[in-house]
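Each remark here refers to the structure printed beneath this line.
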Amino acid sequence: MEGRSGVSFMKYTSVLSLFVVLLAYWFRSPQHAVLEDRLDTVLSSLLRAERKAGMNDVARPRVAIGFGGCVDLLVDGVSLLNKISLPPTDQPLHHDYIENAQQLAQSFAYFFAPGAAAERFVINDTLFHELVEASRELPGNRWSIGGNAPVMAGRMANEGCDVLLGGSFSPDFTDVLSQHITVAGNVVEEPDIHLILEYPSGASWGPYTSRRANRYIVHSDDHNPYLASMEDFAEKLKDFNPDLLVVGGLQMMDSFPFQSRERETLLSRLATLLSSSSPQTGVHFEMASFVEEDLMEDLIRLVVPYADSLGMNEQELPNLLSLLKGSNITVLSDPNPRVATVLDQMRELYRILNQRHINAKAANGETDTNRANAKGRPLTRLHVHTLAFQAMIVTHGSQWKNTMSATAKASLTANRHVCGSADIDPSKARLIMDDSFSVSRQEGSQRIPLQETRPVSCWDEEDYHICVAPVLVCTEVYQTAGGGDNISAAGLVLQI
């Protein structure tokens, strides 16, 4: 008798649960239903666009990526500052590097309120050690492989590439890398630790409230600035014969106390490595958070000219453009720029860098391909990733293929990484890109509507192709750090 009562009760409970679900679906607001349906359609359309250029029918591309790596310790940024009893400052300020706790508070507040990503070198070893120890004690802290090169390598290996990774790592570090990653570099006993102070949208610290989820990174790295793996990487590169050569992690040199001309010597060696690469090998340079003008000028002279592909975010784009136009570095830009603004900046950057390349060739007077390569390459690919959208410019007739699919994949990867799941859940996403956008800020410019069934908008201009895709912005953030590296790497995979 009791058994039958239990079964009846379970049946009743199941029926009641189903009724509640159906009732909730029936009475959901029409506006909410429209938004849900729209997200579903955009997602399925982006997935379809991504699949148009799959990796199943091609040999594994070979990608060489340098330099460096670290171990990331991820914590809630506000919790860490509270843990060390660092009160909110009443004076948000930009600092090129961090000397003391007061500067840390000022610098964190400067970037926290607008929700802009930043990375700073801490020259005070005692302060950095205190931050690390406090982070170890925080509940919910997480450790992960860090550094631009290892993160991009991991993404590309997972997406179907064989990777040569340049960096000096500990045995524990290399043990957790994909079997499709080969390491070139020295062995170190202890890897450098980078602290990732994450915060969600709407987080509060004293009078400050973050406009979007992002991270503030601090490190006291004394290995990676020296590009110690470059010699071994260059040697292994000869037999590896990559389809693509990627350079990242150079922000470790920013504000680092090198000896006189030591940094320039290192970058000159890198320039020699890049200029000696085969013309058939694509070269991609991944930008980062740079604040030291001397370093940026060295990069513009010794690295950027040898890359035919560049990747960057909405902060790094105006930063590089400003310096190329003769102005100062822009430490903080709009973290949520309009599409038209970004496209105009991309066009201008594309034009300036290619004009510099033409001028260099003319000054050199070389026509032989190999000798001309020593003076650099034209920029044929530019990828800018923002919170709301992805944008790419690709030169007509260049080696970069599948631009529409690559832009879609970059967009999807943004959600996958930040939400921490390969499967995208539309209930944990939202569209913040406008329903239509102007292709330029110039008066009378064409407006392009966002079509749910064809969300990647592509068109031709001058000698290049442009694609723009909306991002399904993750609303339940797992991790923002490494987002740009994952997004850039995923976009590149389909284009080589």
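To be explicit about the labels: the chains of the structure tokens are called A, B, and onward in the order shown, and within each one the residues are counted from 1, while ligands get numbers from 1 in the order they are shown.
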Just the residues within 12 Å of Glu461 of chain A, please, counting only C-alpha atoms, with nothing from its chain fewer than 5 positions along; format it as a PDB file with N, CA and C atoms, in the first residue's frame.
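So the final result, stored in selection_28.pdb, reads:
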```pdb
ATOM      1  N   LEU A 343      35.663  50.510 -37.394  1.00  0.00           N
ATOM      2  CA  LEU A 343      35.960  50.298 -38.813  1.00  0.00           C
ATOM      3  C   LEU A 343      36.777  51.454 -39.399  1.00  0.00           C
ATOM      4  N   ARG A 347      40.477  50.995 -40.996  1.00  0.00           N
ATOM      5  CA  ARG A 347      40.837  51.452 -42.338  1.00  0.00           C
ATOM      6  C   ARG A 347      42.081  52.347 -42.288  1.00  0.00           C
ATOM      7  N   ILE A 393      39.492  42.827 -41.577  1.00  0.00           N
ATOM      8  CA  ILE A 393      39.838  43.335 -42.911  1.00  0.00           C
ATOM      9  C   ILE A 393      40.853  42.378 -43.510  1.00  0.00           C
ATOM     10  N   VAL A 394      40.587  41.905 -44.733  1.00  0.00           N
ATOM     11  CA  VAL A 394      41.493  40.986 -45.420  1.00  0.00           C
ATOM     12  C   VAL A 394      41.686  41.469 -46.853  1.00  0.00           C
ATOM     13  N   THR A 395      42.935  41.567 -47.278  1.00  0.00           N
ATOM     14  CA  THR A 395      43.252  42.056 -48.617  1.00  0.00           C
ATOM     15  C   THR A 395      42.813  41.063 -49.688  1.00  0.00           C
ATOM     16  N   HIS A 396      42.226  41.576 -50.756  1.00  0.00           N
ATOM     17  CA  HIS A 396      41.843  40.728 -51.885  1.00  0.00           C
ATOM     18  C   HIS A 396      43.070  39.995 -52.423  1.00  0.00           C
ATOM     19  N   VAL A 439      28.677  51.807 -41.670  1.00  0.00           N
ATOM     20  CA  VAL A 439      29.981  51.268 -42.044  1.00  0.00           C
ATOM     21  C   VAL A 439      31.092  52.291 -41.823  1.00  0.00           C
ATOM     22  N   SER A 440      30.720  53.552 -41.557  1.00  0.00           N
ATOM     23  CA  SER A 440      31.696  54.604 -41.307  1.00  0.00           C
ATOM     24  C   SER A 440      31.003  55.753 -40.578  1.00  0.00           C
ATOM     25  N   ILE A 466      35.760  43.241 -45.913  1.00  0.00           N
ATOM     26  CA  ILE A 466      35.453  43.486 -44.494  1.00  0.00           C
ATOM     27  C   ILE A 466      34.342  42.539 -44.050  1.00  0.00           C
ATOM     28  N   CYS A 467      34.508  41.958 -42.856  1.00  0.00           N
ATOM     29  CA  CYS A 467      33.438  41.171 -42.239  1.00  0.00           C
ATOM     30  C   CYS A 467      33.244  41.621 -40.793  1.00  0.00           C
TER      31      CYS A 467
END
```
What are the DSSP helix (DSSP H, G or I) residues of segment 107-353 of chain A, as number ranges by chain?
A: 107-112, 125-137, 148-158, 171-175, 224-226, 230-240, 250-253, 262-275, 293-302, 304-306, 316-324, 339-353
For segment 242-253 of chain A, please output as a list in words all residues within 6 Å (counting only C-alpha atoms; exclusion window: fewer than 5 positions along the same chain).
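Counting only C-alpha atoms, the residues come to Arg62, Val63, Ala64, Ile65, Gly66, Phe67, Asn148, Ala149, Pro225, Thr281, Gly282, Val283, His284, Phe285, Glu286 and Phe290 of chain A.
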Nearest residue to Ile217 of chain A out of A:Pro257, A:Gly202, A:Gly77, A:Gly444, using only C-alpha atoms?
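Comparing A:Pro257, A:Gly202, A:Gly77, A:Gly444 against Ile217 of chain A, the winner is A:Gly77.
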When you count only C-alpha atoms, which of these residues is closest to Ser309 of chain A: A:Leu379, A:Ile181, A:Ala469, A:Met404?
A:Leu379
Can you write out as a tab-separated table which residues of segment 28-113 of chain A fall within 9 Å of segment 323-336 of chain A, alongside each residue's closest atom pair and its distance in Å to one decimal, counting only C-alpha atoms and ordering rows by chain and ascending residue number?
```
residue	atom	partner	partner_atom	distance
A:His94	CA	A:Val331	CA	7.7
A:Tyr110	CA	A:Leu332	CA	8.8
A:Phe111	CA	A:Leu332	CA	7.7
```
Selected residues written out with all heavy atoms, as a compact mmCIF listing (two decimals), in the first residue's frame:
```txt
# COMPACT_ATOMS: atom_id res chain seq x y z
N HIS A 94 46.41 56.78 -13.81
CA HIS A 94 47.19 55.85 -14.62
C HIS A 94 48.64 55.84 -14.15
O HIS A 94 49.23 56.89 -13.91
CB HIS A 94 47.13 56.28 -16.09
CG HIS A 94 48.30 55.81 -16.90
ND1 HIS A 94 48.54 54.47 -17.13
CD2 HIS A 94 49.31 56.49 -17.50
CE1 HIS A 94 49.65 54.36 -17.86
NE2 HIS A 94 50.13 55.56 -18.08
N TYR A 110 41.26 53.22 -11.91
CA TYR A 110 41.28 53.91 -13.21
C TYR A 110 40.68 53.03 -14.31
O TYR A 110 39.94 53.52 -15.17
CB TYR A 110 42.73 54.26 -13.54
CG TYR A 110 42.92 55.09 -14.79
CD1 TYR A 110 42.76 56.47 -14.78
CD2 TYR A 110 43.29 54.50 -16.00
CE1 TYR A 110 42.94 57.24 -15.91
CE2 TYR A 110 43.47 55.25 -17.15
CZ TYR A 110 43.30 56.62 -17.10
OH TYR A 110 43.48 57.37 -18.23
N PHE A 111 40.99 51.74 -14.27
CA PHE A 111 40.50 50.83 -15.30
C PHE A 111 39.23 50.09 -14.90
O PHE A 111 38.47 49.65 -15.76
CB PHE A 111 41.59 49.81 -15.66
CG PHE A 111 42.79 50.43 -16.30
CD1 PHE A 111 43.95 50.69 -15.58
CD2 PHE A 111 42.78 50.77 -17.65
CE1 PHE A 111 45.06 51.27 -16.17
CE2 PHE A 111 43.88 51.34 -18.26
CZ PHE A 111 45.03 51.60 -17.51
```
Between A:His95, A:Val151, A:Gly68, A:Glu189, smallest distance to Ala228 of chain A by only C-alpha atoms belongs to A:Gly68
Which of segment 366-485 of chain A end up as strand (DSSP E or B) when DSSP is run on this backbone - answer as a PyMOL selection string?
chain A and resi 381-385+389-395+429-431+436-438+447-449+451+454+457-461+464-470+472-474
Of the candidates A:Ser201, A:Asn364, A:Val473, A:Trp459, which shows the shortest atom-to-atom distance to Gln446 of chain A, using only C-alpha atoms?
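Once distances to Gln446 of chain A are computed over only C-alpha atoms, the minimum belongs to A:Trp459.
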Mind running segment 318-407 of chain A against segment 32-46 of chain A at 12 Å and telling me each contacting residue's nearest atom pair with the distance in Å (one decimal), counting only C-alpha atoms, chain and number ascending, as a Markdown table?
```
| residue | atom | partner | partner_atom | distance |
| --- | --- | --- | --- | --- |
| A:Met404 | CA | A:Leu46 | CA | 9.9 |
| A:Ser405 | CA | A:Leu46 | CA | 8.4 |
| A:Ala406 | CA | A:Leu46 | CA | 10.4 |
| A:Thr407 | CA | A:Leu46 | CA | 9.3 |
```
Just to be explicit: take each residue in the selection above, keep all heavy atoms, and write the result as a short mmCIF file (atom, residue, chain, number, x, y, z; two decimals), in the first residue's frame.
```cif
data_model
loop_
_atom_site.label_atom_id
_atom_site.label_comp_id
_atom_site.auth_asym_id
_atom_site.auth_seq_id
_atom_site.Cartn_x
_atom_site.Cartn_y
_atom_site.Cartn_z
N MET A 404 34.64 35.09 -43.77
CA MET A 404 33.31 35.09 -43.14
C MET A 404 33.23 34.03 -42.04
O MET A 404 32.79 34.31 -40.91
CB MET A 404 32.23 34.84 -44.19
CG MET A 404 30.80 35.01 -43.70
SD MET A 404 30.12 33.50 -42.95
CE MET A 404 29.93 32.48 -44.41
N SER A 405 33.67 32.82 -42.33
CA SER A 405 33.62 31.74 -41.34
C SER A 405 34.55 32.02 -40.17
O SER A 405 34.23 31.73 -39.01
CB SER A 405 34.00 30.41 -41.99
OG SER A 405 33.03 30.00 -42.93
N ALA A 406 35.72 32.61 -40.46
CA ALA A 406 36.68 32.93 -39.40
C ALA A 406 36.11 33.99 -38.44
O ALA A 406 36.31 33.92 -37.23
CB ALA A 406 37.99 33.42 -40.01
N THR A 407 35.41 34.97 -38.99
CA THR A 407 34.80 36.00 -38.15
C THR A 407 33.71 35.40 -37.27
O THR A 407 33.58 35.74 -36.09
CB THR A 407 34.22 37.13 -39.03
OG1 THR A 407 35.18 37.55 -39.99
CG2 THR A 407 33.82 38.33 -38.17
#
```
Leaving out segment 136-147 of chain A and any residue of its chain fewer than 6 positions from it, which residues lie within 7 Å of it when counting only C-alpha atoms, given as number ranges by chain?
A: 68-75, 249
Selection to disk with all heavy atoms, as a PDB file, in the first residue's frame:
```pdb
ATOM      1  N   GLY A  68      57.231  32.828 -24.494  1.00  0.00           N
ATOM      2  CA  GLY A  68      57.046  32.856 -23.052  1.00  0.00           C
ATOM      3  C   GLY A  68      55.790  32.189 -22.558  1.00  0.00           C
ATOM      4  O   GLY A  68      55.026  31.588 -23.312  1.00  0.00           O
ATOM      5  N   GLY A  69      55.592  32.280 -21.260  1.00  0.00           N
ATOM      6  CA  GLY A  69      54.428  31.694 -20.610  1.00  0.00           C
ATOM      7  C   GLY A  69      54.552  31.838 -19.116  1.00  0.00           C
ATOM      8  O   GLY A  69      55.608  32.197 -18.581  1.00  0.00           O
ATOM      9  N   CYS A  70      53.468  31.564 -18.432  1.00  0.00           N
ATOM     10  CA  CYS A  70      53.446  31.733 -16.986  1.00  0.00           C
ATOM     11  C   CYS A  70      52.321  30.881 -16.415  1.00  0.00           C
ATOM     12  O   CYS A  70      51.628  30.180 -17.142  1.00  0.00           O
ATOM     13  CB  CYS A  70      53.216  33.210 -16.625  1.00  0.00           C
ATOM     14  SG  CYS A  70      51.634  33.861 -17.233  1.00  0.00           S
ATOM     15  N   VAL A  71      52.161  30.963 -15.116  1.00  0.00           N
ATOM     16  CA  VAL A  71      51.003  30.371 -14.459  1.00  0.00           C
ATOM     17  C   VAL A  71      50.112  31.506 -13.989  1.00  0.00           C
ATOM     18  O   VAL A  71      50.581  32.422 -13.302  1.00  0.00           O
ATOM     19  CB  VAL A  71      51.421  29.486 -13.267  1.00  0.00           C
ATOM     20  CG1 VAL A  71      50.206  29.018 -12.493  1.00  0.00           C
ATOM     21  CG2 VAL A  71      52.231  28.290 -13.745  1.00  0.00           C
ATOM     22  N   ASP A  72      48.863  31.483 -14.399  1.00  0.00           N
ATOM     23  CA  ASP A  72      47.909  32.510 -13.976  1.00  0.00           C
ATOM     24  C   ASP A  72      47.225  32.081 -12.683  1.00  0.00           C
ATOM     25  O   ASP A  72      46.772  30.941 -12.559  1.00  0.00           O
ATOM     26  CB  ASP A  72      46.841  32.729 -15.044  1.00  0.00           C
ATOM     27  CG  ASP A  72      47.342  33.545 -16.222  1.00  0.00           C
ATOM     28  OD1 ASP A  72      48.411  34.184 -16.090  1.00  0.00           O
ATOM     29  OD2 ASP A  72      46.685  33.548 -17.281  1.00  0.00           O
ATOM     30  N   LEU A  73      47.150  32.993 -11.732  1.00  0.00           N
ATOM     31  CA  LEU A  73      46.362  32.796 -10.515  1.00  0.00           C
ATOM     32  C   LEU A  73      45.191  33.767 -10.596  1.00  0.00           C
ATOM     33  O   LEU A  73      45.369  34.980 -10.514  1.00  0.00           O
ATOM     34  CB  LEU A  73      47.220  33.054  -9.274  1.00  0.00           C
ATOM     35  CG  LEU A  73      46.540  32.977  -7.910  1.00  0.00           C
ATOM     36  CD1 LEU A  73      45.753  31.684  -7.748  1.00  0.00           C
ATOM     37  CD2 LEU A  73      47.567  33.129  -6.792  1.00  0.00           C
ATOM     38  N   LEU A  74      43.998  33.204 -10.804  1.00  0.00           N
ATOM     39  CA  LEU A  74      42.803  34.030 -11.016  1.00  0.00           C
ATOM     40  C   LEU A  74      42.013  34.173  -9.727  1.00  0.00           C
ATOM     41  O   LEU A  74      41.701  33.177  -9.059  1.00  0.00           O
ATOM     42  CB  LEU A  74      41.911  33.412 -12.092  1.00  0.00           C
ATOM     43  CG  LEU A  74      42.514  33.321 -13.494  1.00  0.00           C
ATOM     44  CD1 LEU A  74      43.086  31.936 -13.754  1.00  0.00           C
ATOM     45  CD2 LEU A  74      41.479  33.641 -14.549  1.00  0.00           C
ATOM     46  N   VAL A  75      41.680  35.419  -9.386  1.00  0.00           N
ATOM     47  CA  VAL A  75      40.914  35.702  -8.180  1.00  0.00           C
ATOM     48  C   VAL A  75      39.904  36.802  -8.482  1.00  0.00           C
ATOM     49  O   VAL A  75      40.003  37.499  -9.494  1.00  0.00           O
ATOM     50  CB  VAL A  75      41.824  36.157  -7.010  1.00  0.00           C
ATOM     51  CG1 VAL A  75      42.786  35.059  -6.605  1.00  0.00           C
ATOM     52  CG2 VAL A  75      42.592  37.430  -7.375  1.00  0.00           C
ATOM     53  N   GLY A 249      53.083  38.166 -26.430  1.00  0.00           N
ATOM     54  CA  GLY A 249      53.741  38.203 -25.131  1.00  0.00           C
ATOM     55  C   GLY A 249      54.787  39.290 -24.973  1.00  0.00           C
ATOM     56  O   GLY A 249      55.476  39.339 -23.953  1.00  0.00           O
TER      57      GLY A 249
END
```
